[in-house]
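Report on the following structure.
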Amino acid sequence: MHTKPSSSAAATGFPLFLFFAIMMVAANLRAPFTGVAPLLTDLQNSLSINASTAGLMITFPLIVFMVVSPLIPRLSRRYGMERMLLAALVLIGVGIAVRSVGGLFWLFAGTIVIGAGIAAGNVLLPGVVKSRFPNHIALLTSAYVLAMGIMAALWSALVIPIANASWGNWQIALVAMIIMPVISGILWLTQLKGARKPDSGSTKAPGRSIFRSLLTWQVCGFFACNSFLYYSVVSWLPAVVGEAGFSDAQAGSIHGVFQFAGALPGLIIVPAMARLSDQRGLSASMTAVNLAGFAGIMVLPSLAYLWAALLGFGIGANFILALSFLGLRARNGDQAASLSSAAQTLGYCIAATGPLLLGAIYDALGEWQLALWVCVFFSIAQALLGTRVGRNVLLPADTAVS
């Protein structure tokens, strides 16, 4: 069963208000926890924790993604994608408030709640795009990744000045983020009118498991490599450049450059995907860009602003491709949501190891070189997977939704 467009969506070829509402939802799906990264040093000092423990601030949401993602497709078919997205925004807002109470327990508890809300939004948005904008998948995906990146970049640049203000601290810097889910939730309420009624007895669609398709595993692998790279870099880039001599404020700005650059590839991806016969070459070329960024950080860290931009652009481009594949390789909205759930469940299982692993490597060795080489390995693996998932193929028609 597919999620039916609302009457306003059906009445026009491109419903602009729905488009804006989706962008606002997307703006909540990264910043609430990536915006913590510039504050990790402050958290370590304030709470007397080491780098590995601080890395759990990024790892915990990824573990929650892995646990929650498999539950979302079935819940969305029962309650509707619109209601589930509103519930996701509520969870994000509650988590932000809890996380800011103070103390390590509340910090981690709020982070887990935020992770549950973001997991739901991450799984559902590709399905919403497939159902509501089936002819504009690359455009909509690029647009909502741009919204995610702009908001994440904004908070990465703002949290340090807020925390360092005479009236501020790290708790105030974190709680300020609550404005995003509040505004987005109010806007998304308009999408509940005409939304699909809950199923009285949702049953699993017949067919073979989505995991019996090799294409599913290739999409999962591509998504996993990209997620590992993104969350590893977003967690520790401020610390890496801080060790190279940049101040906390400069490190926050470099972190913001990485986030913003990750949103820009949509300006290239959309027209390129329209002209190319498949996405294999595009993925390989974007991986080459982020490899150049890792090489630069290792060899000439004084140019960190440039390398952060390259890393953001290359990883961001492949992130857009990874999300686009969830719709492009599926045959309908429900299948896209199931493929999204599979990719994000397995992908974040791998990604969750990144911040913790790199933090542990630094704790053991006292420097970041080996950790950066681990990222190079995952970049190469992603390029190889891109040669398979970038082909213009679809999941089998008899593949079941989960």
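By order in the structure tokens, chains are A, B, ...; within a chain, residues start at 1; ligands start at 1, following the order shown.
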| task | Identify, on the basis of only C-alpha atoms, every residue whose closest approach to range 90-101 of chain A does not exceed 10 Å; exclude the query and any residue fewer than 4 positions from it along the same chain; express the result as a PyMOL selection string. | result | chain A and resi 28-29+32-33+84-86+105-121+170-182+184-185
| request: Step one, run DSSP on the backbone; step two, keep only residues of range 10-242 of chain A assigned to helix (DSSP H, G or I); then write them as a PyMOL selection string. | output: chain A and resi 10-11+16-26+31-34+37-47+51-79+81-99+104-132+137-164+170-192+210-212+214-242
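Compared by their closest atoms to Arg74 in chain A, and using only C-alpha atoms, the residues A:Arg132, A:Cys225, A:Met23, A:Val123 rank with A:Val123 nearest.
Those residues that approach Asn226 in chain A to within 7 Å, counting only C-alpha atoms, are Ile315, Asn318, Phe319 and Gln382 of chain A; same-chain residues fewer than 6 positions away are not listed.
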Please produce a file of the residues just selected, as a PDB file, in the first residue's frame, where the atoms kept are N, CA, C and O atoms.
ATOM      1  N   ILE A 315      32.305  13.802   0.369  1.00  0.00           N
ATOM      2  CA  ILE A 315      31.454  12.956   1.202  1.00  0.00           C
ATOM      3  C   ILE A 315      29.994  13.354   1.037  1.00  0.00           C
ATOM      4  O   ILE A 315      29.098  12.506   0.970  1.00  0.00           O
ATOM      5  N   ASN A 318      28.534  11.957  -2.271  1.00  0.00           N
ATOM      6  CA  ASN A 318      28.202  10.533  -2.176  1.00  0.00           C
ATOM      7  C   ASN A 318      27.034  10.282  -1.229  1.00  0.00           C
ATOM      8  O   ASN A 318      26.313   9.291  -1.375  1.00  0.00           O
ATOM      9  N   PHE A 319      26.833  11.176  -0.266  1.00  0.00           N
ATOM     10  CA  PHE A 319      25.660  11.058   0.606  1.00  0.00           C
ATOM     11  C   PHE A 319      24.375  11.309  -0.191  1.00  0.00           C
ATOM     12  O   PHE A 319      23.381  10.590  -0.039  1.00  0.00           O
ATOM     13  N   GLN A 382      34.151   2.345  -0.686  1.00  0.00           N
ATOM     14  CA  GLN A 382      32.946   2.970  -1.222  1.00  0.00           C
ATOM     15  C   GLN A 382      33.045   3.145  -2.738  1.00  0.00           C
ATOM     16  O   GLN A 382      32.056   2.940  -3.464  1.00  0.00           O
TER      17      GLN A 382
END
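Each of A:Trp307, A:Tyr231, A:Phe313, A:Phe19 was checked against Val129 in chain A using only C-alpha atoms; the smallest atom-to-atom distance is that of A:Phe19.
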| task | Have a look at A:Phe246, A:Ser283, A:Glu82, A:Ser166 and name the one nearest to Lys193 in chain A; count only C-alpha atoms. | result | A:Glu82
| Point-to-point distance in Å for CA of Pro265 in chain A and CA of Leu140 in chain A |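 Taking CA of Leu140 in chain A and CA of Pro265 in chain A, their separation equals 13.1 Å.
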| task | Within 10 Å of Ser253 in chain A, counting only C-alpha atoms, which residues show up once you throw out same-chain ones fewer than 6 positions away? Write them as number ranges by chain, please. | result | A: 38, 153-154, 156-158, 160, 238, 247, 259, 305
Can those selected residues be exported to a file as a CSV table (one decimal), in the first residue's frame so that it contains N, CA, C and O atoms?
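Writing done, so here's again-v2.csv:
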chain,number,residue,atom,x,y,z
A,38,PRO,N,31.8,20.5,17.9
A,38,PRO,CA,32.7,21.6,18.4
A,38,PRO,C,32.8,21.7,19.9
A,38,PRO,O,33.7,22.4,20.4
A,153,ALA,N,25.7,23.3,9.4
A,153,ALA,CA,26.8,24.3,9.3
A,153,ALA,C,26.6,25.5,10.2
A,153,ALA,O,27.5,26.0,10.9
A,154,LEU,N,25.3,26.0,10.2
A,154,LEU,CA,24.9,27.1,11.0
A,154,LEU,C,25.2,26.8,12.5
A,154,LEU,O,25.8,27.6,13.2
A,156,SER,N,27.1,24.4,13.8
A,156,SER,CA,28.5,24.2,14.1
A,156,SER,C,29.3,25.5,14.3
A,156,SER,O,30.2,25.6,15.1
A,157,ALA,N,28.8,26.5,13.6
A,157,ALA,CA,29.5,27.8,13.7
A,157,ALA,C,29.0,28.6,14.9
A,157,ALA,O,29.7,29.4,15.5
A,158,LEU,N,27.8,28.3,15.4
A,158,LEU,CA,27.1,29.1,16.5
A,158,LEU,C,27.4,28.6,17.9
A,158,LEU,O,27.4,29.4,18.8
A,160,ILE,N,29.9,27.4,19.6
A,160,ILE,CA,31.0,27.9,20.4
A,160,ILE,C,30.8,29.4,20.9
A,160,ILE,O,31.0,29.7,22.0
A,238,PRO,N,37.1,18.8,14.4
A,238,PRO,CA,37.6,19.9,15.2
A,238,PRO,C,38.8,19.5,16.1
A,238,PRO,O,39.7,20.4,16.2
A,247,SER,N,42.6,27.4,16.9
A,247,SER,CA,41.8,27.7,18.1
A,247,SER,C,40.5,27.0,18.1
A,247,SER,O,40.0,26.5,17.0
A,259,GLN,N,30.6,21.1,6.9
A,259,GLN,CA,29.1,20.9,6.9
A,259,GLN,C,28.5,21.6,5.7
A,259,GLN,O,27.7,21.0,5.0
A,305,TYR,N,41.1,24.6,6.1
A,305,TYR,CA,39.8,25.2,5.5
A,305,TYR,C,39.6,24.6,4.1
A,305,TYR,O,38.5,24.2,3.8
